[in-house]
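Data file: model-v7.cif. Format and content: mmCIF, C-alpha atoms.
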data_query
loop_
_atom_site.label_atom_id
_atom_site.label_comp_id
_atom_site.auth_asym_id
_atom_site.auth_seq_id
_atom_site.Cartn_x
_atom_site.Cartn_y
_atom_site.Cartn_z
CA MET A 1 103.33 72.02 78.40
CA LYS A 2 103.84 75.75 78.48
CA LYS A 3 105.69 77.25 81.39
CA PHE A 4 104.43 80.31 83.24
CA ASN A 5 106.46 83.43 83.93
CA SER A 6 104.77 83.75 87.32
CA LEU A 7 103.78 81.23 89.97
CA LEU A 8 100.48 83.01 90.57
CA ILE A 9 98.05 82.92 87.70
CA ALA A 10 95.30 85.50 87.84
CA SER A 11 92.10 83.52 87.74
CA ALA A 12 87.67 83.96 88.94
CA PHE A 13 90.78 81.46 89.66
CA ALA A 14 88.99 81.41 86.92
CA ALA A 15 89.72 84.10 84.58
CA GLY A 16 93.29 84.71 85.35
CA ILE A 17 96.01 85.34 82.87
CA PHE A 18 98.60 82.74 81.93
CA TYR A 19 101.87 84.04 80.56
CA SER A 20 103.72 82.05 77.94
CA CYS A 21 107.45 81.96 77.29
CA ASP A 22 106.78 82.06 73.57
CA ASN A 23 108.42 85.33 72.53
CA ALA A 24 107.04 85.00 69.03
CA SER A 25 103.45 85.37 70.14
CA VAL A 26 101.72 88.73 70.05
CA ALA A 27 99.25 89.64 72.78
CA PRO A 28 95.85 90.66 71.43
CA GLU A 29 95.09 94.36 71.67
CA ILE A 30 92.93 95.22 74.68
CA GLU A 31 90.26 97.87 74.12
CA PRO A 32 90.38 100.47 76.91
CA ILE A 33 87.45 101.04 79.27
CA SER A 34 86.25 104.64 79.59
CA ALA A 35 87.10 106.61 82.71
CA GLU A 36 83.37 106.98 83.43
CA VAL A 37 82.79 103.22 83.45
CA LEU A 38 85.94 102.62 85.51
CA GLY A 39 84.54 105.11 88.02
CA GLN A 40 81.25 103.19 88.17
CA ILE A 41 83.06 99.89 88.70
CA LYS A 42 85.16 101.41 91.46
CA SER A 43 82.09 102.93 93.15
CA MET A 44 80.56 99.44 93.35
CA GLY A 45 83.53 98.38 95.46
CA PHE A 46 85.27 96.34 92.77
CA SER A 47 88.93 96.83 91.98
CA THR A 48 89.56 98.31 88.53
CA GLU A 49 93.03 96.81 88.32
CA GLY A 50 93.10 94.46 85.34
CA ALA A 51 89.49 95.22 84.34
CA ILE A 52 88.88 94.57 80.63
CA LYS A 53 86.09 94.84 78.08
CA PHE A 54 84.57 91.38 77.76
CA GLU A 55 81.67 90.03 75.72
CA SER A 56 79.01 92.80 75.91
CA GLY A 57 80.25 94.11 79.25
CA TYR A 58 83.32 94.06 81.49
CA LEU A 59 85.40 91.48 83.33
CA VAL A 60 86.51 92.57 86.82
CA GLU A 61 88.32 90.82 89.68
CA ASN A 62 89.59 88.44 86.96
CA ASP A 63 86.33 86.52 86.50
CA ILE A 64 83.27 88.55 87.50
CA TYR A 65 81.17 89.56 84.50
CA LEU A 66 79.33 92.89 84.71
CA THR A 67 77.17 94.58 82.10
CA ASP A 68 76.17 98.23 81.85
CA HIS A 69 72.77 97.17 83.21
CA ASP A 70 74.45 95.58 86.25
CA LEU A 71 76.38 98.76 86.95
CA LYS A 72 73.19 100.79 86.73
CA GLU A 73 71.24 98.49 89.07
CA MET A 74 73.90 97.80 91.73
CA LYS A 75 74.15 99.95 94.82
CA THR A 76 77.37 101.64 95.88
CA GLY A 77 79.66 99.14 97.54
CA ASP A 78 81.19 99.28 101.00
CA ARG A 79 84.60 98.32 102.35
CA LEU A 80 84.25 95.43 104.74
CA PRO A 81 86.39 93.99 107.55
CA ILE A 82 88.73 91.04 107.28
CA LEU A 83 86.92 87.73 107.59
CA GLU A 84 87.29 84.38 105.87
CA GLN A 85 84.40 83.09 103.76
CA TYR A 86 81.80 85.32 102.09
CA SER A 87 78.49 85.05 100.29
CA THR A 88 76.42 87.44 98.24
CA ASN A 89 73.03 88.73 99.41
CA ASN A 90 71.23 86.53 96.88
CA LEU A 91 71.48 82.75 97.18
CA VAL A 92 69.90 79.78 95.42
CA CYS A 93 66.76 78.45 97.09
CA GLY A 94 66.85 74.74 97.84
CA PRO A 95 66.36 71.90 97.84
CA ARG A 96 67.14 71.97 94.16
CA ASN A 97 69.04 70.11 91.47
CA ILE A 98 70.94 72.56 89.27
CA THR A 99 71.40 71.31 85.73
CA VAL A 100 74.56 72.18 83.80
CA TYR A 101 75.12 71.90 80.06
CA ALA A 102 78.43 72.06 78.20
CA PRO A 103 78.91 71.33 74.48
CA VAL A 104 81.16 68.37 73.70
CA GLY A 105 83.61 68.25 70.79
CA GLY A 106 83.69 70.25 67.60
CA ARG A 107 85.01 73.74 66.99
CA ASN A 108 83.07 75.36 69.84
CA GLY A 109 82.81 72.41 72.19
CA TYR A 110 85.03 71.02 74.93
CA SER A 111 87.52 68.17 74.89
CA ALA A 112 87.04 64.98 76.87
CA GLY A 113 89.57 66.30 79.39
CA MET A 114 87.60 69.49 79.96
CA ILE A 115 84.34 67.56 80.36
CA ALA A 116 86.08 65.25 82.84
CA GLY A 117 87.02 68.37 84.82
CA LEU A 118 83.39 69.55 84.79
CA ASP A 119 82.16 66.14 85.94
CA LEU A 120 84.71 66.12 88.78
CA ALA A 121 83.64 69.62 89.85
CA ILE A 122 80.01 68.45 89.95
CA SER A 123 80.89 65.33 91.94
CA ARG A 124 82.80 67.42 94.50
CA TYR A 125 79.70 69.48 95.22
CA ASN A 126 77.40 66.47 95.29
CA ALA A 127 79.67 64.65 97.74
CA GLN A 128 78.94 67.35 100.34
CA ASN A 129 75.29 66.26 100.72
CA LEU A 130 73.98 69.80 100.36
CA SER A 131 70.42 70.97 99.78
CA ILE A 132 71.51 71.76 96.23
CA THR A 133 72.97 69.24 93.81
CA PHE A 134 74.33 69.48 90.29
CA SER A 135 73.92 67.26 87.24
CA ARG A 136 75.26 67.56 83.71
CA ILE A 137 72.67 67.25 80.98
CA SER A 138 73.06 66.73 77.23
CA SER A 139 70.97 69.66 76.00
CA SER A 140 71.12 73.39 76.65
CA SER A 141 67.32 73.49 76.60
CA GLY A 142 66.12 74.07 80.14
CA ALA A 143 69.62 74.01 81.62
CA ASP A 144 70.07 76.15 84.73
CA ILE A 145 73.72 76.89 83.88
CA VAL A 146 75.09 76.81 80.35
CA MET A 147 78.88 76.55 80.08
CA THR A 148 80.17 77.74 76.72
CA ARG A 149 83.61 78.46 75.33
CA LEU A 150 85.19 81.84 75.42
CA SER A 151 85.94 83.50 72.11
CA LYS A 152 89.30 82.59 70.57
CA ARG A 153 90.40 86.16 71.23
CA ASP A 154 89.69 85.87 74.95
CA GLU A 155 91.34 82.46 75.14
CA ARG A 156 94.46 83.88 73.46
CA ARG A 157 94.66 86.80 75.87
CA GLY A 158 94.59 84.45 78.83
CA VAL A 159 91.05 84.65 80.20
CA LEU A 160 90.24 81.39 81.98
CA GLY A 161 86.55 81.83 82.76
CA SER A 162 83.79 84.11 83.98
CA ALA A 163 80.52 83.94 85.87
CA GLY A 164 78.14 86.10 87.87
CA PHE A 165 76.02 85.88 91.01
CA PRO A 166 72.53 84.47 91.78
CA THR A 167 69.42 86.38 90.81
CA ASN A 168 67.04 87.94 93.31
CA GLY A 169 64.60 85.21 92.32
CA CYS A 170 66.65 82.42 93.96
CA ASP A 171 68.13 81.15 90.69
CA PRO A 172 71.83 80.49 90.05
CA TYR A 173 73.65 82.70 87.58
CA GLY A 174 72.87 81.08 84.25
CA GLN A 175 76.09 81.25 82.31
CA ILE A 176 79.71 80.24 82.70
CA LYS A 177 82.16 81.23 79.99
CA MET A 178 85.17 78.91 80.17
CA SER A 179 88.41 78.61 78.23
CA GLY A 180 88.65 75.42 76.22
CA ILE A 181 92.45 75.26 76.24
CA LEU A 182 93.19 74.67 79.93
CA GLU A 183 94.33 71.15 79.09
CA SER A 184 95.69 71.51 75.58
CA SER A 185 97.65 74.77 75.96
CA TYR A 186 98.35 75.02 79.69
CA GLY A 187 98.65 71.35 80.56
CA LEU A 188 96.30 71.49 83.54
CA SER A 189 95.30 68.22 85.18
CA THR A 190 91.70 67.09 85.53
CA GLY A 191 91.85 68.25 89.16
CA GLY A 192 93.16 71.67 88.16
CA ILE A 193 90.44 72.08 85.56
CA ALA A 194 87.80 70.92 88.06
CA THR A 195 89.01 73.50 90.57
CA ILE A 196 88.61 76.37 88.12
CA ILE A 197 85.17 75.24 86.97
CA ALA A 198 84.06 74.64 90.57
CA HIS A 199 85.21 78.18 91.40
CA GLU A 200 82.96 79.63 88.69
CA MET A 201 80.10 77.41 89.87
CA GLY A 202 80.75 78.83 93.34
CA HIS A 203 80.11 82.35 92.06
CA CYS A 204 76.91 81.14 90.37
CA ILE A 205 75.53 79.98 93.73
CA GLY A 206 76.64 83.05 95.67
CA PHE A 207 80.24 82.73 96.84
CA ARG A 208 82.65 85.66 96.81
CA HIS A 209 86.43 85.27 96.78
CA THR A 210 87.86 83.91 100.03
CA ASP A 211 90.52 86.64 100.01
CA PHE A 212 88.17 89.33 98.73
CA PHE A 213 89.40 91.72 101.45
CA ASP A 214 93.01 91.44 100.20
CA ARG A 215 93.51 89.93 96.77
CA SER A 216 97.28 90.10 97.17
CA ILE A 217 97.04 86.98 99.36
CA SER A 218 96.59 84.77 96.30
CA CYS A 219 97.33 87.18 93.44
CA GLY A 220 100.40 89.00 94.72
CA GLY A 221 100.96 92.69 94.10
CA SER A 222 99.55 95.47 96.23
CA THR A 223 96.73 95.10 98.76
CA ALA A 224 93.30 95.38 97.12
CA ASN A 225 89.94 95.08 98.89
CA GLU A 226 87.08 94.16 96.55
CA GLY A 227 84.42 95.65 98.83
CA ASP A 228 80.90 94.28 98.69
CA GLY A 229 80.63 95.07 94.99
CA GLY A 230 77.01 96.11 95.43
CA VAL A 231 76.02 92.45 95.70
CA GLY A 232 77.01 91.81 99.31
CA ALA A 233 79.98 90.15 100.95
CA ASN A 234 78.50 88.53 104.02
CA HIS A 235 80.73 86.65 106.43
CA ILE A 236 79.75 82.98 106.74
CA PRO A 237 79.60 81.97 110.42
CA GLY A 238 81.97 79.22 111.47
CA THR A 239 84.74 80.23 109.10
CA PRO A 240 87.88 81.79 110.56
CA THR A 241 89.18 85.31 110.22
CA GLY A 242 91.94 85.90 107.74
CA ALA A 243 92.87 83.87 104.68
CA SER A 244 96.02 82.30 103.32
CA ALA A 245 97.19 80.95 100.00
CA SER A 246 98.48 77.85 101.80
CA ALA A 247 94.93 76.90 102.89
CA LYS A 248 94.11 76.49 99.19
CA SER A 249 90.44 77.45 99.29
CA TRP A 250 88.69 76.78 95.99
CA MET A 251 87.40 80.38 96.06
CA LEU A 252 90.74 82.19 96.34
CA ALA A 253 90.87 84.97 93.77
CA CYS A 254 93.91 83.60 91.93
CA THR A 255 95.28 80.17 91.13
CA ASP A 256 98.53 78.52 90.11
CA GLY A 257 96.52 76.01 88.10
CA GLY A 258 96.80 73.28 90.75
CA ASP A 259 94.17 71.00 92.21
CA ARG A 260 92.26 72.52 95.15
CA PRO A 261 89.46 70.33 96.49
CA PHE A 262 87.27 71.82 99.22
CA ASN A 263 89.20 72.35 102.45
CA ASN A 264 87.58 72.16 105.90
CA ASP A 265 86.59 75.84 105.92
CA ASP A 266 85.17 75.53 102.40
CA ARG A 267 83.01 72.61 103.55
CA THR A 268 81.86 74.58 106.58
CA ALA A 269 80.82 77.47 104.32
CA LEU A 270 79.01 75.19 101.85
CA ASN A 271 77.13 73.41 104.61
CA TYR A 272 76.13 76.67 106.29
CA LEU A 273 74.65 78.15 103.12
CA TYR A 274 73.22 74.95 101.66
#
Please re-express this file's structure in structure tokens.
Amino acid sequence: MKKFNSLLIASAFAAGIFYSCDNASVAPEIEPISAEVLGQIKSMGFSTEGAIKFESGYLVENDIYLTDHDLKEMKTGDRLPILEQYSTNNLVCGPRNITVYAPVGGRNGYSAGMIAGLDLAISRYNAQNLSITFSRISSSSGADIVMTRLSKRDERRGVLGSAGFPTNGCDPYGQIKMSGILESSYGLSTGGIATIIAHEMGHCIGFRHTDFFDRSISCGGSTANEGDGGVGANHIPGTPTGASASAKSWMLACTDGGDRPFNNDDRTALNYLY
């Protein structure tokens, strides 16, 4: 199992960066983002710290995937007050069963341990008796969410995963990109893998980061408010003000790779929305 240089691992939780003690490894070169695009990202309310070029767009806040089209369509973001749980303006309309597909085995598929993490993430949502449920299916055809592996380059540079937010047509975001080496290279448990996948699923159904108003709570470093990002960051009634790393919400911005089932406030938020 590789050790980490830092307790806090930048994630979407998901999409954080793990640091290895292997001094012989060489970090992949990161292509810079233009000042113009960084300005657009910042105007949406997102932090530009750690933003990278990713797939055919950009990865911001560690695991939020934005394309040039997204940046063009989003409105200018606002800074919002400190509250606990947040949702986007768009949500998934229920009742509905959301189908999830992930390839198994082979060069571009997932190990049995990764699939076990996905199944545990699904069971955690389904145990809440919400108006939405999840089920894993064996074909990508017709799947509501397709989970596919990151490129080897992105896995090597420490990206854990990425997702986006629901559409304005009541559908979940349709794609999760997830590292396939959470078990093999980082030694994460099934619970730790499930937490990261559940976090990305949370974005797909409209959850923002619990500590979106101050990412330093879970990520360390300087205070950074994500703003509404042009997609909304609406306080969920019944959840408390403030946030703490010790509460271990599944939607904290960063993770140490540990197991974080839904806490009481998480369950309140899920039941309010769904």
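Of the residues listed (A:Gln85, A:Ser222, A:Asn129, A:Ser135), A:Gln85 shows the shortest atom-to-atom separation from A:Ser244; distances use all atoms listed in the file.
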For this session: Compare A:Asn234, A:Asn271, A:Ser141, A:Ser123 by their minimum atom-to-atom distance to A:Ala198, counting all atoms listed in the file, and give me the closest one.
Result: A:Ser123
For this session: Could you state which residues are captured by the PyMOL selection byres ((chain A and resi 61) around 8) in this file, as a list in words?
Result: Ala12, Phe46, Ser47, Thr48, Glu49, Gly50, Ala51, Leu59, Val60, Asn62, Asp63, Ile64, Glu226 and Ala253 of chain A
May I have the residues from that selection written out with C-alpha atoms, as a PDB file, keeping the file's coordinate frame?
ATOM      1  CA  ALA A  12      87.670  83.960  88.940  1.00  0.00           C
ATOM      2  CA  PHE A  46      85.270  96.340  92.770  1.00  0.00           C
ATOM      3  CA  SER A  47      88.930  96.830  91.980  1.00  0.00           C
ATOM      4  CA  THR A  48      89.560  98.310  88.530  1.00  0.00           C
ATOM      5  CA  GLU A  49      93.030  96.810  88.320  1.00  0.00           C
ATOM      6  CA  GLY A  50      93.100  94.460  85.340  1.00  0.00           C
ATOM      7  CA  ALA A  51      89.490  95.220  84.340  1.00  0.00           C
ATOM      8  CA  LEU A  59      85.400  91.480  83.330  1.00  0.00           C
ATOM      9  CA  VAL A  60      86.510  92.570  86.820  1.00  0.00           C
ATOM     10  CA  ASN A  62      89.590  88.440  86.960  1.00  0.00           C
ATOM     11  CA  ASP A  63      86.330  86.520  86.500  1.00  0.00           C
ATOM     12  CA  ILE A  64      83.270  88.550  87.500  1.00  0.00           C
ATOM     13  CA  GLU A 226      87.080  94.160  96.550  1.00  0.00           C
ATOM     14  CA  ALA A 253      90.870  84.970  93.770  1.00  0.00           C
TER      15      ALA A 253
END
Rows by chain and residue number, stretch 192-248 of chain A within 12 Å of stretch 100-111 of chain A, shortest pair, all atoms listed in the file, as a tab-separated table:
residue	atom	partner	partner_atom	distance
A:Ile193	CA	A:Ser111	CA	11.7
A:Ile197	CA	A:Val100	CA	11.5
A:Ala198	CA	A:Val100	CA	11.9
A:Met201	CA	A:Val100	CA	9.7
A:Cys204	CA	A:Val100	CA	11.4
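Take atom CA of A:Ser189 and atom CA of A:Asp259: the distance between them is 7.6 Å.
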